[in-house]
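Chemist: Just entry26.csv, nothing more (CSV, C-alpha atoms):
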chain,number,residue,atom,x,y,z
A,1,MET,CA,118.1,72.4,41.9
A,2,LYS,CA,115.0,74.4,43.0
A,3,SER,CA,114.4,71.9,45.8
A,4,ASN,CA,117.9,72.4,47.1
A,5,THR,CA,117.4,76.2,46.9
A,6,ILE,CA,114.2,76.0,49.0
A,7,VAL,CA,116.0,73.8,51.6
A,8,SER,CA,118.9,76.2,51.7
A,9,GLU,CA,116.6,79.2,52.2
A,10,SER,CA,114.7,77.4,55.0
A,11,MET,CA,118.0,76.5,56.7
A,12,GLN,CA,119.1,80.1,56.4
A,13,LYS,CA,115.9,81.4,58.0
A,14,PHE,CA,116.3,78.8,60.8
A,15,ILE,CA,119.9,80.0,61.4
A,16,THR,CA,118.8,83.6,61.4
A,17,LEU,CA,116.0,82.9,63.9
A,18,ILE,CA,118.4,81.0,66.2
A,19,THR,CA,120.9,83.8,66.0
A,20,PHE,CA,118.2,86.4,66.7
A,21,LEU,CA,117.1,84.5,69.8
A,22,PHE,CA,120.6,84.1,71.0
A,23,VAL,CA,121.3,87.8,70.6
A,24,LEU,CA,118.0,88.7,72.3
A,25,THR,CA,118.8,86.4,75.3
A,26,SER,CA,122.4,87.6,75.6
A,27,SER,CA,121.3,91.3,75.5
A,28,ALA,CA,118.6,90.7,78.1
A,29,GLN,CA,121.1,89.1,80.5
A,30,THR,CA,123.7,91.8,79.8
A,31,LYS,CA,121.1,94.5,80.5
A,32,PHE,CA,120.8,93.1,84.1
A,33,GLY,CA,124.4,91.8,84.5
A,34,ASN,CA,125.9,88.3,84.4
A,35,PRO,CA,125.5,85.6,87.1
A,36,GLU,CA,127.4,86.4,90.3
A,37,VAL,CA,128.4,82.8,90.5
A,38,ASP,CA,128.8,80.0,88.0
A,39,PRO,CA,125.4,78.3,87.8
A,40,ILE,CA,126.9,74.9,87.1
A,41,GLN,CA,129.7,75.1,89.7
A,42,ILE,CA,127.4,76.2,92.5
A,43,GLN,CA,125.5,72.9,92.1
A,44,LYS,CA,128.5,70.7,92.7
A,45,THR,CA,127.8,70.2,96.4
A,46,TYR,CA,124.8,70.9,98.7
A,47,THR,CA,127.1,72.7,101.1
A,48,ASP,CA,128.3,75.2,98.5
A,49,TRP,CA,124.8,75.9,97.2
A,50,SER,CA,123.3,76.2,100.7
A,51,ALA,CA,125.9,78.7,101.8
A,52,TYR,CA,125.3,80.8,98.6
A,53,GLN,CA,121.5,80.6,98.8
A,54,SER,CA,121.3,81.6,102.5
A,55,ARG,CA,123.5,84.7,101.8
A,56,ASN,CA,122.3,85.8,98.4
A,57,ILE,CA,118.8,84.7,97.6
A,58,MET,CA,116.1,86.6,99.5
A,59,LEU,CA,112.8,85.6,97.8
A,60,SER,CA,110.6,87.7,100.1
A,61,ARG,CA,112.2,90.9,98.9
A,62,ASP,CA,111.1,92.9,95.8
A,63,PHE,CA,113.2,91.6,92.9
A,64,ILE,CA,113.2,91.4,89.1
A,65,ALA,CA,112.5,87.9,88.0
A,66,LEU,CA,113.9,86.3,84.8
A,67,ASP,CA,113.3,82.9,83.3
A,68,VAL,CA,115.9,80.7,81.7
A,69,THR,CA,115.9,82.8,78.5
A,70,SER,CA,116.4,86.0,80.5
A,71,LYS,CA,112.8,87.1,79.8
A,72,GLU,CA,111.3,89.1,82.6
A,73,ILE,CA,108.4,87.3,84.3
A,74,SER,CA,106.2,88.0,87.3
A,75,LYS,CA,107.4,87.2,90.8
A,76,GLU,CA,104.5,84.8,91.2
A,77,ALA,CA,105.5,82.8,88.1
A,78,PHE,CA,109.1,82.7,89.2
A,79,LEU,CA,108.2,81.4,92.7
A,80,ASP,CA,105.8,78.8,91.2
A,81,LYS,CA,108.6,77.4,89.0
A,82,LEU,CA,110.9,77.2,92.0
A,83,ALA,CA,108.2,75.3,94.0
A,84,ASN,CA,107.2,72.9,91.3
A,85,GLU,CA,109.9,72.5,88.6
A,86,ASN,CA,113.6,71.9,88.2
A,87,TYR,CA,115.3,75.3,88.5
A,88,ILE,CA,117.9,76.9,90.7
A,89,PRO,CA,117.8,80.7,91.3
A,90,ILE,CA,121.0,82.8,90.8
A,91,ARG,CA,121.4,86.5,91.4
A,92,LEU,CA,122.7,88.6,88.5
A,93,LYS,CA,125.3,91.2,89.1
A,94,SER,CA,123.6,94.6,89.7
A,95,GLU,CA,123.6,97.6,92.0
A,96,ALA,CA,123.7,96.8,95.7
A,97,ASN,CA,120.0,97.7,96.4
A,98,ILE,CA,118.6,96.1,93.2
A,99,TYR,CA,117.9,92.3,93.1
A,100,VAL,CA,117.7,90.4,89.9
A,101,TYR,CA,117.2,86.7,90.0
A,102,LYS,CA,117.4,84.3,87.1
A,103,LEU,CA,116.3,80.7,86.8
A,104,PHE,CA,118.9,78.1,85.6
A,105,LYS,CA,118.2,74.4,85.0
A,106,ILE,CA,119.3,72.0,87.7
A,107,GLN,CA,121.8,69.6,86.2
A,108,PRO,CA,121.0,65.9,86.0
A,109,LYS,CA,123.8,64.9,88.4
A,110,THR,CA,123.1,67.5,91.0
A,111,ASP,CA,122.5,66.3,94.5
A,112,THR,CA,118.7,65.7,94.8
A,113,SER,CA,118.8,67.4,98.2
A,114,ILE,CA,119.3,70.7,96.4
A,115,LYS,CA,116.2,70.3,94.2
A,116,ALA,CA,114.1,69.2,97.2
A,117,THR,CA,115.3,72.2,99.3
A,118,ILE,CA,114.7,74.6,96.5
A,119,ASN,CA,111.2,73.2,96.0
A,120,GLN,CA,110.4,73.7,99.7
A,121,ILE,CA,111.9,77.2,99.8
A,122,GLY,CA,109.9,78.1,96.7
A,123,PHE,CA,106.7,76.6,98.1
A,124,ASP,CA,107.1,78.6,101.3
A,125,ALA,CA,107.9,81.8,99.4
A,126,PHE,CA,105.0,81.3,97.0
A,127,LYS,CA,102.6,80.8,99.9
A,128,ASN,CA,103.9,83.9,101.7
A,129,TYR,CA,103.7,86.0,98.6
A,130,LYS,CA,100.0,85.0,98.0
A,131,MET,CA,99.2,86.2,101.5
A,132,GLU,CA,100.5,89.7,100.8
A,133,GLY,CA,97.7,92.2,100.0
A,134,THR,CA,95.1,90.2,102.0
A,135,ALA,CA,93.6,91.1,105.3
A,136,PHE,CA,95.3,89.8,108.4
A,137,PRO,CA,93.0,87.4,110.2
A,138,GLN,CA,90.8,88.7,113.0
A,139,PHE,CA,92.5,88.6,116.4
A,140,SER,CA,92.0,89.4,120.1
A,141,PHE,CA,95.1,88.7,122.1
A,142,LYS,CA,96.3,89.3,125.6
A,143,ASP,CA,100.1,89.7,126.0
A,144,LEU,CA,102.2,88.6,129.0
A,145,ASP,CA,101.4,91.9,130.8
A,146,GLY,CA,97.7,91.5,130.4
A,147,ASN,CA,97.3,94.1,127.6
A,148,LEU,CA,94.5,93.4,125.1
A,149,VAL,CA,95.3,93.9,121.4
A,150,THR,CA,92.7,93.5,118.7
A,151,ASN,CA,92.4,94.4,115.0
A,152,GLU,CA,90.3,97.4,116.0
A,153,SER,CA,92.8,98.7,118.6
A,154,MET,CA,95.7,98.5,116.1
A,155,LYS,CA,93.9,100.5,113.3
A,156,GLY,CA,96.0,103.2,111.9
A,157,LYS,CA,99.3,101.5,113.0
A,158,ILE,CA,101.9,99.5,111.3
A,159,ILE,CA,102.2,96.1,113.1
A,160,VAL,CA,105.4,94.1,113.0
A,161,ILE,CA,104.7,90.5,114.1
A,162,LYS,CA,107.3,87.8,114.9
A,163,CYS,CA,106.1,84.2,115.0
A,164,TRP,CA,108.3,81.9,117.0
A,165,TYR,CA,108.7,79.3,119.8
A,166,ILE,CA,111.2,78.7,122.6
A,167,HIS,CA,113.0,75.7,121.0
A,168,CYS,CA,113.4,77.4,117.5
A,169,THR,CA,117.1,78.1,117.3
A,170,PRO,CA,116.9,80.5,114.3
A,171,CYS,CA,114.1,82.4,116.1
A,172,ILE,CA,116.2,82.9,119.2
A,173,ARG,CA,119.4,83.7,117.3
A,174,GLU,CA,117.8,86.9,115.9
A,175,PHE,CA,116.7,88.3,119.2
A,176,PRO,CA,119.5,90.8,119.5
A,177,GLN,CA,118.8,92.0,115.9
A,178,VAL,CA,115.0,92.4,116.4
A,179,ASN,CA,115.6,94.1,119.8
A,180,LYS,CA,117.8,96.6,118.1
A,181,LEU,CA,115.2,97.2,115.5
A,182,VAL,CA,112.6,98.0,118.2
A,183,SER,CA,115.1,100.5,119.6
A,184,GLU,CA,115.6,102.2,116.2
A,185,TYR,CA,111.8,102.8,115.9
A,186,LYS,CA,111.1,103.7,119.5
A,187,ASP,CA,110.0,107.2,118.5
A,188,ARG,CA,107.5,106.0,116.0
A,189,ASN,CA,104.2,105.8,117.9
A,190,ASP,CA,102.5,104.4,114.8
A,191,ILE,CA,104.6,101.2,114.7
A,192,VAL,CA,103.9,98.4,117.1
A,193,PHE,CA,106.1,95.3,117.6
A,194,MET,CA,104.4,92.1,118.9
A,195,SER,CA,105.2,88.5,118.8
A,196,LEU,CA,103.1,85.3,118.7
A,197,ALA,CA,104.7,82.4,120.6
A,198,GLU,CA,103.5,78.8,120.8
A,199,ASP,CA,104.6,78.4,124.5
A,200,SER,CA,102.7,78.8,127.7
A,201,VAL,CA,102.8,81.9,130.0
A,202,GLU,CA,104.9,80.1,132.6
A,203,GLN,CA,107.4,78.8,130.0
A,204,LEU,CA,107.7,82.2,128.3
A,205,LYS,CA,108.3,84.1,131.6
A,206,THR,CA,111.0,81.7,132.6
A,207,PHE,CA,112.7,81.8,129.2
A,208,LEU,CA,112.4,85.6,128.6
A,209,ALA,CA,114.0,86.3,132.0
A,210,ARG,CA,117.2,84.8,130.5
A,211,LYS,CA,116.7,85.9,126.9
A,212,PRO,CA,114.8,89.2,126.8
A,213,LEU,CA,112.6,90.2,123.8
A,214,SER,CA,111.6,93.8,123.3
A,215,TYR,CA,108.4,92.8,121.5
A,216,SER,CA,105.2,92.4,123.4
A,217,VAL,CA,104.7,88.6,123.7
A,218,ILE,CA,101.4,86.8,123.2
A,219,PRO,CA,101.4,83.2,124.7
A,220,ASP,CA,99.6,80.0,123.6
A,221,MET,CA,99.4,80.9,119.9
A,222,LYS,CA,100.2,77.5,118.4
A,223,VAL,CA,96.6,76.8,117.2
A,224,TYR,CA,96.2,80.4,115.8
A,225,MET,CA,99.5,80.2,113.9
A,226,ASN,CA,98.7,76.7,112.5
A,227,GLU,CA,95.1,77.3,111.6
A,228,SER,CA,94.6,81.0,110.9
A,229,LEU,CA,98.1,81.8,109.5
A,230,GLN,CA,98.8,78.2,108.3
A,231,LEU,CA,102.5,78.6,109.2
A,232,ASN,CA,104.9,75.7,108.9
A,233,SER,CA,108.2,77.6,109.0
A,234,PHE,CA,109.7,79.6,111.9
A,235,PRO,CA,110.6,82.4,112.4
A,236,THR,CA,108.0,84.1,110.2
A,237,HIS,CA,107.6,87.9,110.3
A,238,PHE,CA,104.5,89.8,109.2
A,239,ILE,CA,104.3,93.5,108.4
A,240,ILE,CA,100.7,94.7,108.6
A,241,ASN,CA,100.0,98.1,107.1
A,242,LYS,CA,97.8,100.8,108.6
A,243,GLU,CA,94.7,99.5,106.8
A,244,GLY,CA,95.1,96.1,108.4
A,245,MET,CA,96.4,94.4,105.2
A,246,ILE,CA,99.4,92.1,105.0
A,247,ALA,CA,102.2,94.2,103.4
A,248,LYS,CA,104.9,91.6,103.7
A,249,VAL,CA,105.5,88.0,105.0
A,250,LEU,CA,109.2,87.4,105.7
A,251,PRO,CA,111.4,84.5,106.8
A,252,ASN,CA,114.3,86.3,108.5
A,253,PHE,CA,115.5,89.5,110.1
A,254,GLU,CA,117.5,90.6,107.1
A,255,SER,CA,114.4,90.8,104.9
A,256,LEU,CA,112.3,92.3,107.7
A,257,GLU,CA,114.7,95.2,108.2
A,258,VAL,CA,114.6,96.2,104.5
A,259,ALA,CA,110.8,95.8,104.2
A,260,LEU,CA,110.0,97.8,107.4
A,261,ALA,CA,112.2,100.7,106.3
A,262,LYS,CA,110.2,100.8,103.0
A,263,GLU,CA,106.8,100.5,104.7
A,264,SER,CA,107.6,103.0,107.4
A,265,ASN,CA,108.4,105.6,104.8
A,266,LEU,CA,105.1,105.2,102.8
How does this structure look as structure tokens?
Modeler:
Amino acid sequence: MKSNTIVSESMQKFITLITFLFVLTSSAQTKFGNPEVDPIQIQKTYTDWSAYQSRNIMLSRDFIALDVTSKEISKEAFLDKLANENYIPIRLKSEANIYVYKLFKIQPKTDTSIKATINQIGFDAFKNYKMEGTAFPQFSFKDLDGNLVTNESMKGKIIVIKCWYIHCTPCIREFPQVNKLVSEYKDRNDIVFMSLAEDSVEQLKTFLARKPLSYSVIPDMKVYMNESLQLNSFPTHFIINKEGMIAKVLPNFESLEVALAKESNL
């Protein structure tokens, strides 16, 4: 009888613990809101997930990161899990200017392309995040107009850098947006827009005559981008603060616009 009582008490403690953890997890998720899409349903097809991810998951932005139990973790830990483990990121419902991402397990029958793509996106975002807060590599460039730009000459300025090449479709697609951005900051003498391109002077002059870019353009930057910046994804945008440190590394215009607005107000 005593033995049964001990078992019963142990079982009760176990049930109490499980209930506590469930309540804790539920309250944490409620605090930040519920998933904006069904985490299971969004994994049904690669097309559905890809469309959702491209619109709603901006890993280069500042966000609150939650693990599968809704526990808050560091952005670094979150990105590391995306790069190396079996998770899918979903945004939780929150205010428009607040981003809360939570990890959900990828289902066993989910298209393997989803996991592979998430791992790659996570790897790129993790690598970019680790660059933030470090000094931008030494440079001495001449743009297409013959102007020399160096780390020293750019001291005390915010530098916005776009890395691209002529045959990169996403790079060219955002030209109208980045040109508009330059126009919006035209009265800020402390903000400089320049771009690093893989292509030669002749190729760039011919191309830019048809597709103008408002940034100053530095030619023949393939080796520098590969070796000094270790880039493998284009476009990539850098925001360098007035101390010459990398403030943000970003994969698209949407993230750049938000990050520059924040940096320019510091």
Chemist: What is the distance, in Å and to one decimal place, between atom CA of Lys127 of chain A and atom CA of Ser255 of chain A?
Modeler: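 Separation between atom CA of Lys127 of chain A and atom CA of Ser255 of chain A: 16.3 Å.
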Chemist: Give me the residues within 8 Å of segment 213-230 of chain A as a PyMOL selection string, counting all atoms listed in the file and dropping any in the same chain fewer than 3 places off.
Modeler: chain A and resi 137+141-144+163+175+178-179+182+193-201+204+208
Chemist: May I have the selected residues written with C-alpha atoms, as a short mmCIF file (atom, residue, chain, number, x, y, z; two decimals), in the frame of the given file?
Modeler:
data_model
loop_
_atom_site.label_atom_id
_atom_site.label_comp_id
_atom_site.auth_asym_id
_atom_site.auth_seq_id
_atom_site.Cartn_x
_atom_site.Cartn_y
_atom_site.Cartn_z
CA PRO A 137 93.00 87.40 110.20
CA PHE A 141 95.10 88.70 122.10
CA LYS A 142 96.30 89.30 125.60
CA ASP A 143 100.10 89.70 126.00
CA LEU A 144 102.20 88.60 129.00
CA CYS A 163 106.10 84.20 115.00
CA PHE A 175 116.70 88.30 119.20
CA VAL A 178 115.00 92.40 116.40
CA ASN A 179 115.60 94.10 119.80
CA VAL A 182 112.60 98.00 118.20
CA PHE A 193 106.10 95.30 117.60
CA MET A 194 104.40 92.10 118.90
CA SER A 195 105.20 88.50 118.80
CA LEU A 196 103.10 85.30 118.70
CA ALA A 197 104.70 82.40 120.60
CA GLU A 198 103.50 78.80 120.80
CA ASP A 199 104.60 78.40 124.50
CA SER A 200 102.70 78.80 127.70
CA VAL A 201 102.80 81.90 130.00
CA LEU A 204 107.70 82.20 128.30
CA LEU A 208 112.40 85.60 128.60
#
Chemist: Quick one: everything within 7 Å of segment 92-106 of chain A, counting all atoms listed in the file, minus sequence neighbours fewer than 6 positions away in the same chain. Send it as a list in words.
Modeler: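 So the residues in contact are Phe32, Gly33, Asn34, Pro35, Glu36, Pro39, Phe63, Ile64, Ala65, Leu66, Asp67, Val68, Ser70 and Asn86 of chain A.
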Chemist: Taking all atoms listed in the file into account, which of A:Thr69, A:Asn84, A:Thr236, A:Gln43 comes nearest Pro170 of chain A?
Modeler: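 Closest to Pro170 of chain A of all the choices is A:Thr236.
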Chemist: Which one of A:Lys71, A:Arg61, A:Lys81, A:Lys186 sits closest to Glu132 of chain A if you count all atoms listed in the file?
Modeler: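 Ranked by minimum distance to Glu132 of chain A, first place goes to A:Arg61.
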